[in-house]
$ cat target-v4.pdb   # PDB, N, CA and C atoms
MODEL        1
ATOM      1  N   MET A   1     -23.534 -12.080   1.767  1.00  0.00           N
ATOM      2  CA  MET A   1     -22.292 -12.667   1.330  1.00  0.00           C
ATOM      3  C   MET A   1     -21.131 -11.987   2.058  1.00  0.00           C
ATOM      4  N   GLU A   2     -20.232 -12.784   2.508  1.00  0.00           N
ATOM      5  CA  GLU A   2     -19.021 -12.265   3.149  1.00  0.00           C
ATOM      6  C   GLU A   2     -17.817 -12.805   2.408  1.00  0.00           C
ATOM      7  N   LYS A   3     -16.734 -12.057   2.461  1.00  0.00           N
ATOM      8  CA  LYS A   3     -15.514 -12.470   1.780  1.00  0.00           C
ATOM      9  C   LYS A   3     -14.319 -11.935   2.551  1.00  0.00           C
ATOM     10  N   ASP A   4     -13.339 -12.788   2.773  1.00  0.00           N
ATOM     11  CA  ASP A   4     -12.087 -12.349   3.368  1.00  0.00           C
ATOM     12  C   ASP A   4     -11.111 -11.999   2.258  1.00  0.00           C
ATOM     13  N   VAL A   5     -10.419 -10.903   2.436  1.00  0.00           N
ATOM     14  CA  VAL A   5      -9.407 -10.465   1.483  1.00  0.00           C
ATOM     15  C   VAL A   5      -8.103 -10.315   2.258  1.00  0.00           C
ATOM     16  N   THR A   6      -7.035 -10.817   1.691  1.00  0.00           N
ATOM     17  CA  THR A   6      -5.749 -10.764   2.375  1.00  0.00           C
ATOM     18  C   THR A   6      -4.862  -9.693   1.761  1.00  0.00           C
ATOM     19  N   LEU A   7      -4.323  -8.868   2.619  1.00  0.00           N
ATOM     20  CA  LEU A   7      -3.355  -7.849   2.241  1.00  0.00           C
ATOM     21  C   LEU A   7      -2.033  -8.248   2.872  1.00  0.00           C
ATOM     22  N   ASN A   8      -1.010  -8.400   2.066  1.00  0.00           N
ATOM     23  CA  ASN A   8       0.313  -8.758   2.583  1.00  0.00           C
ATOM     24  C   ASN A   8       1.171  -7.512   2.696  1.00  0.00           C
ATOM     25  N   LEU A   9       1.793  -7.352   3.858  1.00  0.00           N
ATOM     26  CA  LEU A   9       2.724  -6.250   4.096  1.00  0.00           C
ATOM     27  C   LEU A   9       4.063  -6.845   4.506  1.00  0.00           C
ATOM     28  N   HIS A  10       5.114  -6.384   3.856  1.00  0.00           N
ATOM     29  CA  HIS A  10       6.464  -6.821   4.201  1.00  0.00           C
ATOM     30  C   HIS A  10       7.279  -5.575   4.533  1.00  0.00           C
ATOM     31  N   LEU A  11       7.963  -5.612   5.664  1.00  0.00           N
ATOM     32  CA  LEU A  11       8.809  -4.479   6.074  1.00  0.00           C
ATOM     33  C   LEU A  11      10.272  -4.881   6.003  1.00  0.00           C
ATOM     34  N   SER A  12      11.084  -3.986   5.498  1.00  0.00           N
ATOM     35  CA  SER A  12      12.534  -4.151   5.595  1.00  0.00           C
ATOM     36  C   SER A  12      13.082  -2.820   6.095  1.00  0.00           C
ATOM     37  N   GLU A  13      14.051  -2.908   6.985  1.00  0.00           N
ATOM     38  CA  GLU A  13      14.570  -1.662   7.560  1.00  0.00           C
ATOM     39  C   GLU A  13      16.021  -1.810   7.964  1.00  0.00           C
ATOM     40  N   ASP A  14      16.681  -0.684   7.986  1.00  0.00           N
ATOM     41  CA  ASP A  14      18.030  -0.595   8.531  1.00  0.00           C
ATOM     42  C   ASP A  14      18.037   0.581   9.503  1.00  0.00           C
ATOM     43  N   ASP A  15      19.191   1.093   9.828  1.00  0.00           N
ATOM     44  CA  ASP A  15      19.273   2.175  10.816  1.00  0.00           C
ATOM     45  C   ASP A  15      18.671   3.495  10.330  1.00  0.00           C
ATOM     46  N   ILE A  16      18.526   3.651   9.021  1.00  0.00           N
ATOM     47  CA  ILE A  16      18.086   4.936   8.483  1.00  0.00           C
ATOM     48  C   ILE A  16      16.765   4.842   7.720  1.00  0.00           C
ATOM     49  N   GLU A  17      16.500   3.741   7.042  1.00  0.00           N
ATOM     50  CA  GLU A  17      15.363   3.667   6.131  1.00  0.00           C
ATOM     51  C   GLU A  17      14.475   2.448   6.430  1.00  0.00           C
ATOM     52  N   THR A  18      13.182   2.653   6.295  1.00  0.00           N
ATOM     53  CA  THR A  18      12.208   1.571   6.391  1.00  0.00           C
ATOM     54  C   THR A  18      11.414   1.546   5.097  1.00  0.00           C
ATOM     55  N   ILE A  19      11.242   0.354   4.549  1.00  0.00           N
ATOM     56  CA  ILE A  19      10.484   0.172   3.317  1.00  0.00           C
ATOM     57  C   ILE A  19       9.353  -0.805   3.583  1.00  0.00           C
ATOM     58  N   ALA A  20       8.143  -0.418   3.191  1.00  0.00           N
ATOM     59  CA  ALA A  20       6.976  -1.298   3.294  1.00  0.00           C
ATOM     60  C   ALA A  20       6.548  -1.667   1.878  1.00  0.00           C
ATOM     61  N   HIS A  21       6.304  -2.951   1.680  1.00  0.00           N
ATOM     62  CA  HIS A  21       5.849  -3.455   0.387  1.00  0.00           C
ATOM     63  C   HIS A  21       4.482  -4.085   0.630  1.00  0.00           C
ATOM     64  N   ALA A  22       3.461  -3.563  -0.038  1.00  0.00           N
ATOM     65  CA  ALA A  22       2.084  -4.029   0.139  1.00  0.00           C
ATOM     66  C   ALA A  22       1.609  -4.722  -1.129  1.00  0.00           C
ATOM     67  N   VAL A  23       0.951  -5.884  -0.956  1.00  0.00           N
ATOM     68  CA  VAL A  23       0.426  -6.639  -2.095  1.00  0.00           C
ATOM     69  C   VAL A  23      -1.009  -7.042  -1.788  1.00  0.00           C
ATOM     70  N   LEU A  24      -1.894  -6.787  -2.746  1.00  0.00           N
ATOM     71  CA  LEU A  24      -3.301  -7.154  -2.625  1.00  0.00           C
ATOM     72  C   LEU A  24      -3.736  -7.821  -3.918  1.00  0.00           C
ATOM     73  N   ASN A  25      -4.290  -9.020  -3.815  1.00  0.00           N
ATOM     74  CA  ASN A  25      -4.898  -9.700  -4.948  1.00  0.00           C
ATOM     75  C   ASN A  25      -6.392  -9.743  -4.684  1.00  0.00           C
ATOM     76  N   LEU A  26      -7.166  -9.204  -5.621  1.00  0.00           N
ATOM     77  CA  LEU A  26      -8.602  -9.081  -5.426  1.00  0.00           C
ATOM     78  C   LEU A  26      -9.335  -9.472  -6.704  1.00  0.00           C
ATOM     79  N   ARG A  27      -9.971 -10.610  -6.676  1.00  0.00           N
ATOM     80  CA  ARG A  27     -10.781 -11.092  -7.810  1.00  0.00           C
ATOM     81  C   ARG A  27     -10.045 -10.995  -9.144  1.00  0.00           C
ATOM     82  N   GLY A  28      -8.819 -11.447  -9.149  1.00  0.00           N
ATOM     83  CA  GLY A  28      -8.043 -11.463 -10.384  1.00  0.00           C
ATOM     84  C   GLY A  28      -7.221 -10.215 -10.639  1.00  0.00           C
ATOM     85  N   ASP A  29      -7.448  -9.166  -9.892  1.00  0.00           N
ATOM     86  CA  ASP A  29      -6.635  -7.950 -10.022  1.00  0.00           C
ATOM     87  C   ASP A  29      -5.491  -8.006  -9.017  1.00  0.00           C
ATOM     88  N   HIS A  30      -4.314  -7.589  -9.456  1.00  0.00           N
ATOM     89  CA  HIS A  30      -3.126  -7.587  -8.604  1.00  0.00           C
ATOM     90  C   HIS A  30      -2.701  -6.137  -8.381  1.00  0.00           C
ATOM     91  N   PHE A  31      -2.567  -5.771  -7.125  1.00  0.00           N
ATOM     92  CA  PHE A  31      -2.144  -4.419  -6.758  1.00  0.00           C
ATOM     93  C   PHE A  31      -0.886  -4.533  -5.908  1.00  0.00           C
ATOM     94  N   GLU A  32       0.053  -3.650  -6.165  1.00  0.00           N
ATOM     95  CA  GLU A  32       1.322  -3.681  -5.445  1.00  0.00           C
ATOM     96  C   GLU A  32       1.808  -2.259  -5.241  1.00  0.00           C
ATOM     97  N   ALA A  33       2.296  -1.960  -4.046  1.00  0.00           N
ATOM     98  CA  ALA A  33       2.769  -0.602  -3.759  1.00  0.00           C
ATOM     99  C   ALA A  33       3.909  -0.649  -2.748  1.00  0.00           C
ATOM    100  N   MET A  34       4.699   0.425  -2.739  1.00  0.00           N
ATOM    101  CA  MET A  34       5.812   0.532  -1.815  1.00  0.00           C
ATOM    102  C   MET A  34       5.758   1.885  -1.122  1.00  0.00           C
ATOM    103  N   GLY A  35       6.128   1.901   0.138  1.00  0.00           N
ATOM    104  CA  GLY A  35       6.230   3.143   0.888  1.00  0.00           C
ATOM    105  C   GLY A  35       7.561   3.191   1.613  1.00  0.00           C
ATOM    106  N   LYS A  36       8.143   4.366   1.713  1.00  0.00           N
ATOM    107  CA  LYS A  36       9.449   4.524   2.376  1.00  0.00           C
ATOM    108  C   LYS A  36       9.371   5.574   3.472  1.00  0.00           C
ATOM    109  N   ALA A  37      10.205   5.379   4.461  1.00  0.00           N
ATOM    110  CA  ALA A  37      10.403   6.389   5.506  1.00  0.00           C
ATOM    111  C   ALA A  37      11.895   6.434   5.820  1.00  0.00           C
ATOM    112  N   ARG A  38      12.421   7.638   5.941  1.00  0.00           N
ATOM    113  CA  ARG A  38      13.840   7.811   6.280  1.00  0.00           C
ATOM    114  C   ARG A  38      13.954   8.574   7.594  1.00  0.00           C
ATOM    115  N   ARG A  39      14.853   8.093   8.425  1.00  0.00           N
ATOM    116  CA  ARG A  39      15.100   8.767   9.698  1.00  0.00           C
ATOM    117  C   ARG A  39      16.221   9.779   9.510  1.00  0.00           C
ATOM    118  N   ASN A  40      16.003  10.961  10.020  1.00  0.00           N
ATOM    119  CA  ASN A  40      17.056  11.965  10.048  1.00  0.00           C
ATOM    120  C   ASN A  40      18.136  11.441  10.991  1.00  0.00           C
ATOM    121  N   PRO A  41      19.383  11.378  10.565  1.00  0.00           N
ATOM    122  CA  PRO A  41      20.441  10.857  11.441  1.00  0.00           C
ATOM    123  C   PRO A  41      20.557  11.585  12.776  1.00  0.00           C
ATOM    124  N   ALA A  42      20.076  12.814  12.857  1.00  0.00           N
ATOM    125  CA  ALA A  42      20.131  13.566  14.102  1.00  0.00           C
ATOM    126  C   ALA A  42      19.029  13.145  15.076  1.00  0.00           C
ATOM    127  N   ASP A  43      17.997  12.433  14.575  1.00  0.00           N
ATOM    128  CA  ASP A  43      16.884  12.001  15.433  1.00  0.00           C
ATOM    129  C   ASP A  43      17.203  10.682  16.118  1.00  0.00           C
ATOM    130  N   PRO A  44      16.637  10.461  17.302  1.00  0.00           N
ATOM    131  CA  PRO A  44      16.866   9.179  17.979  1.00  0.00           C
ATOM    132  C   PRO A  44      16.142   8.047  17.232  1.00  0.00           C
ATOM    133  N   PRO A  45      16.677   6.837  17.285  1.00  0.00           N
ATOM    134  CA  PRO A  45      16.016   5.727  16.601  1.00  0.00           C
ATOM    135  C   PRO A  45      14.680   5.370  17.275  1.00  0.00           C
ATOM    136  N   MET A  46      13.630   5.378  16.504  1.00  0.00           N
ATOM    137  CA  MET A  46      12.294   4.959  16.957  1.00  0.00           C
ATOM    138  C   MET A  46      11.672   4.174  15.805  1.00  0.00           C
ATOM    139  N   PRO A  47      12.011   2.888  15.687  1.00  0.00           N
ATOM    140  CA  PRO A  47      11.585   2.097  14.535  1.00  0.00           C
ATOM    141  C   PRO A  47      10.086   2.113  14.277  1.00  0.00           C
ATOM    142  N   VAL A  48       9.274   2.186  15.309  1.00  0.00           N
ATOM    143  CA  VAL A  48       7.828   2.132  15.103  1.00  0.00           C
ATOM    144  C   VAL A  48       7.327   3.301  14.256  1.00  0.00           C
ATOM    145  N   ILE A  49       7.945   4.461  14.392  1.00  0.00           N
ATOM    146  CA  ILE A  49       7.532   5.623  13.605  1.00  0.00           C
ATOM    147  C   ILE A  49       7.833   5.393  12.129  1.00  0.00           C
ATOM    148  N   GLY A  50       9.027   4.894  11.828  1.00  0.00           N
ATOM    149  CA  GLY A  50       9.379   4.592  10.443  1.00  0.00           C
ATOM    150  C   GLY A  50       8.471   3.530   9.853  1.00  0.00           C
ATOM    151  N   GLU A  51       8.153   2.508  10.649  1.00  0.00           N
ATOM    152  CA  GLU A  51       7.258   1.455  10.181  1.00  0.00           C
ATOM    153  C   GLU A  51       5.875   2.016   9.864  1.00  0.00           C
ATOM    154  N   GLU A  52       5.341   2.824  10.773  1.00  0.00           N
ATOM    155  CA  GLU A  52       4.006   3.398  10.561  1.00  0.00           C
ATOM    156  C   GLU A  52       3.976   4.297   9.331  1.00  0.00           C
ATOM    157  N   LEU A  53       4.986   5.130   9.170  1.00  0.00           N
ATOM    158  CA  LEU A  53       5.023   6.028   8.007  1.00  0.00           C
ATOM    159  C   LEU A  53       5.155   5.244   6.701  1.00  0.00           C
ATOM    160  N   ALA A  54       6.042   4.263   6.680  1.00  0.00           N
ATOM    161  CA  ALA A  54       6.237   3.475   5.463  1.00  0.00           C
ATOM    162  C   ALA A  54       4.968   2.695   5.108  1.00  0.00           C
ATOM    163  N   ILE A  55       4.335   2.091   6.105  1.00  0.00           N
ATOM    164  CA  ILE A  55       3.093   1.353   5.863  1.00  0.00           C
ATOM    165  C   ILE A  55       2.000   2.299   5.373  1.00  0.00           C
ATOM    166  N   ALA A  56       1.842   3.437   6.024  1.00  0.00           N
ATOM    167  CA  ALA A  56       0.808   4.393   5.619  1.00  0.00           C
ATOM    168  C   ALA A  56       1.025   4.861   4.185  1.00  0.00           C
ATOM    169  N   ARG A  57       2.254   5.095   3.810  1.00  0.00           N
ATOM    170  CA  ARG A  57       2.552   5.555   2.446  1.00  0.00           C
ATOM    171  C   ARG A  57       2.272   4.454   1.417  1.00  0.00           C
ATOM    172  N   ALA A  58       2.618   3.217   1.755  1.00  0.00           N
ATOM    173  CA  ALA A  58       2.323   2.101   0.845  1.00  0.00           C
ATOM    174  C   ALA A  58       0.818   1.917   0.701  1.00  0.00           C
ATOM    175  N   LEU A  59       0.096   1.988   1.813  1.00  0.00           N
ATOM    176  CA  LEU A  59      -1.354   1.813   1.760  1.00  0.00           C
ATOM    177  C   LEU A  59      -2.035   2.963   1.024  1.00  0.00           C
ATOM    178  N   GLN A  60      -1.502   4.152   1.145  1.00  0.00           N
ATOM    179  CA  GLN A  60      -2.058   5.303   0.428  1.00  0.00           C
ATOM    180  C   GLN A  60      -1.922   5.092  -1.086  1.00  0.00           C
ATOM    181  N   THR A  61      -0.781   4.610  -1.516  1.00  0.00           N
ATOM    182  CA  THR A  61      -0.579   4.324  -2.935  1.00  0.00           C
ATOM    183  C   THR A  61      -1.493   3.197  -3.388  1.00  0.00           C
ATOM    184  N   LEU A  62      -1.604   2.155  -2.558  1.00  0.00           N
ATOM    185  CA  LEU A  62      -2.477   1.034  -2.870  1.00  0.00           C
ATOM    186  C   LEU A  62      -3.932   1.490  -2.976  1.00  0.00           C
ATOM    187  N   THR A  63      -4.345   2.378  -2.101  1.00  0.00           N
ATOM    188  CA  THR A  63      -5.704   2.926  -2.138  1.00  0.00           C
ATOM    189  C   THR A  63      -5.974   3.588  -3.488  1.00  0.00           C
ATOM    190  N   GLY A  64      -5.026   4.368  -3.956  1.00  0.00           N
ATOM    191  CA  GLY A  64      -5.181   5.031  -5.244  1.00  0.00           C
ATOM    192  C   GLY A  64      -5.313   4.035  -6.387  1.00  0.00           C
ATOM    193  N   GLN A  65      -4.532   2.964  -6.334  1.00  0.00           N
ATOM    194  CA  GLN A  65      -4.591   1.951  -7.389  1.00  0.00           C
ATOM    195  C   GLN A  65      -5.946   1.234  -7.398  1.00  0.00           C
ATOM    196  N   VAL A  66      -6.435   0.870  -6.221  1.00  0.00           N
ATOM    197  CA  VAL A  66      -7.723   0.168  -6.131  1.00  0.00           C
ATOM    198  C   VAL A  66      -8.852   1.103  -6.567  1.00  0.00           C
ATOM    199  N   MET A  67      -8.799   2.355  -6.153  1.00  0.00           N
ATOM    200  CA  MET A  67      -9.821   3.323  -6.555  1.00  0.00           C
ATOM    201  C   MET A  67      -9.824   3.513  -8.072  1.00  0.00           C
ATOM    202  N   GLU A  68      -8.650   3.621  -8.661  1.00  0.00           N
ATOM    203  CA  GLU A  68      -8.557   3.783 -10.113  1.00  0.00           C
ATOM    204  C   GLU A  68      -9.120   2.562 -10.840  1.00  0.00           C
ATOM    205  N   ALA A  69      -8.818   1.368 -10.351  1.00  0.00           N
ATOM    206  CA  ALA A  69      -9.343   0.145 -10.965  1.00  0.00           C
ATOM    207  C   ALA A  69     -10.869   0.106 -10.873  1.00  0.00           C
ATOM    208  N   ALA A  70     -11.409   0.506  -9.728  1.00  0.00           N
ATOM    209  CA  ALA A  70     -12.871   0.528  -9.562  1.00  0.00           C
ATOM    210  C   ALA A  70     -13.502   1.546 -10.515  1.00  0.00           C
ATOM    211  N   GLN A  71     -12.896   2.712 -10.624  1.00  0.00           N
ATOM    212  CA  GLN A  71     -13.423   3.749 -11.524  1.00  0.00           C
ATOM    213  C   GLN A  71     -13.390   3.276 -12.977  1.00  0.00           C
ATOM    214  N   ASP A  72     -12.313   2.589 -13.354  1.00  0.00           N
ATOM    215  CA  ASP A  72     -12.218   2.059 -14.716  1.00  0.00           C
ATOM    216  C   ASP A  72     -13.327   1.047 -14.986  1.00  0.00           C
ATOM    217  N   LYS A  73     -13.626   0.202 -14.017  1.00  0.00           N
ATOM    218  CA  LYS A  73     -14.693  -0.790 -14.173  1.00  0.00           C
ATOM    219  C   LYS A  73     -16.071  -0.113 -14.276  1.00  0.00           C
ATOM    220  N   VAL A  74     -16.300   0.930 -13.484  1.00  0.00           N
ATOM    221  CA  VAL A  74     -17.565   1.668 -13.546  1.00  0.00           C
ATOM    222  C   VAL A  74     -17.713   2.313 -14.920  1.00  0.00           C
ATOM    223  N   GLU A  75     -16.666   2.957 -15.394  1.00  0.00           N
ATOM    224  CA  GLU A  75     -16.704   3.604 -16.704  1.00  0.00           C
ATOM    225  C   GLU A  75     -16.954   2.588 -17.809  1.00  0.00           C
ATOM    226  N   ALA A  76     -16.308   1.434 -17.737  1.00  0.00           N
ATOM    227  CA  ALA A  76     -16.510   0.392 -18.755  1.00  0.00           C
ATOM    228  C   ALA A  76     -17.945  -0.119 -18.705  1.00  0.00           C
ATOM    229  N   PHE A  77     -18.488  -0.262 -17.516  1.00  0.00           N
ATOM    230  CA  PHE A  77     -19.874  -0.725 -17.358  1.00  0.00           C
ATOM    231  C   PHE A  77     -20.846   0.291 -17.964  1.00  0.00           C
ATOM    232  N   LEU A  78     -20.613   1.566 -17.701  1.00  0.00           N
ATOM    233  CA  LEU A  78     -21.509   2.618 -18.210  1.00  0.00           C
ATOM    234  C   LEU A  78     -21.438   2.747 -19.731  1.00  0.00           C
ATOM    235  N   LYS A  79     -20.274   2.481 -20.302  1.00  0.00           N
ATOM    236  CA  LYS A  79     -20.135   2.551 -21.756  1.00  0.00           C
ATOM    237  C   LYS A  79     -20.894   1.434 -22.443  1.00  0.00           C
ATOM    238  N   ASP A  80     -21.058   0.311 -21.745  1.00  0.00           N
ATOM    239  CA  ASP A  80     -21.767  -0.829 -22.328  1.00  0.00           C
ATOM    240  C   ASP A  80     -23.266  -0.634 -22.352  1.00  0.00           C
ATOM    241  N   ASP A  81     -23.764   0.370 -21.638  1.00  0.00           N
ATOM    242  CA  ASP A  81     -25.221   0.605 -21.603  1.00  0.00           C
ATOM    243  C   ASP A  81     -25.733   1.190 -22.873  1.00  0.00           C
TER     244      ASP A  81
ENDMDL
END
$ encode --input "target-v4.pdb" --output "structure tokens"
Amino acid sequence: MEKDVTLNLHLSEDDIETIAHAVLNLRGDHFEAMGKARRNPADPPMPVIGEELAIARALQTLTGQVMEAAQDKVEAFLKDD
């Protein structure tokens, strides 16, 4: 069995801050996370770095949410035995 799962990432940025918003819907569960990156005003603008950091931070939070949901399901399954 194969299944495609879609993860939506939305980026918004200005001269100083980049925000990534990640959304994952998986078999009825909804996961949502945000990651931020701020550029030091003394640093040269390099948008790709802010994008990568913001995305990585959002995905890290999303990973924790999905892992917690899986652990909760395992625990509920084991209690039913």
$ select_by_dssp --input "target-v4.pdb" --residues "chain A" --states "strand (DSSP E)" --output "ChimeraX atom specification"
/A:7-13,17-26,29-38
$ select_by_dssp --input "target-v4.pdb" --residues "chain A" --states "alpha helix (DSSP H)" --output "MDAnalysis selection string"
chainID A and resid 47:79
$ residues_around --input "target-v4.pdb" --residues "Asn40 (chain A)" --least-positions-apart "3" --cutoff "8 Å" --atoms "only N, CA and C atoms" --output "NGL selection string"
:A and (15-17 or 37 or 43-45)
$ resolve_selection --input "target-v4.pdb" --expression "the PyMOL selection byres ((chain A and resi 62) around 8)" --output "MDAnalysis selection string"
chainID A and resid 22:24 31:34 56:61 63:68
$ axis_aligned_box --input "target-v4.pdb" --around "region 35-54 of chain A" --padding-each-side "8 Å" --output "JSON"
{"center_x": 12.3, "center_y": 7.5, "center_z": 9.1, "size_x": 32.6, "size_y": 28.1, "size_z": 33.8}
$ closest_residue --input "target-v4.pdb" --among "A:Ala70, A:Ala54, A:Val48, A:Leu9" --to "Gly35 (chain A)" --atoms "all atoms listed in the file"
A:Ala54
$ atom_distance --input "target-v4.pdb" --atom1 "atom N of Arg27 (chain A)" --atom2 "atom N of Met1 (chain A)"
16.0 Å
$ atom_distance --input "target-v4.pdb" --atom1 "CA of Leu53 (chain A)" --atom2 "CA of Arg39 (chain A)"
10.6 Å
$ atom_distance --input "target-v4.pdb" --atom1 "atom C of Ile49 (chain A)" --atom2 "CA of Asn8 (chain A)"
18.7 Å
$ closest_residue --input "target-v4.pdb" --among "A:Glu2, A:Asp72, A:Leu7, A:Asp80" --to "Asn25 (chain A)" --atoms "only N, CA and C atoms"
A:Leu7
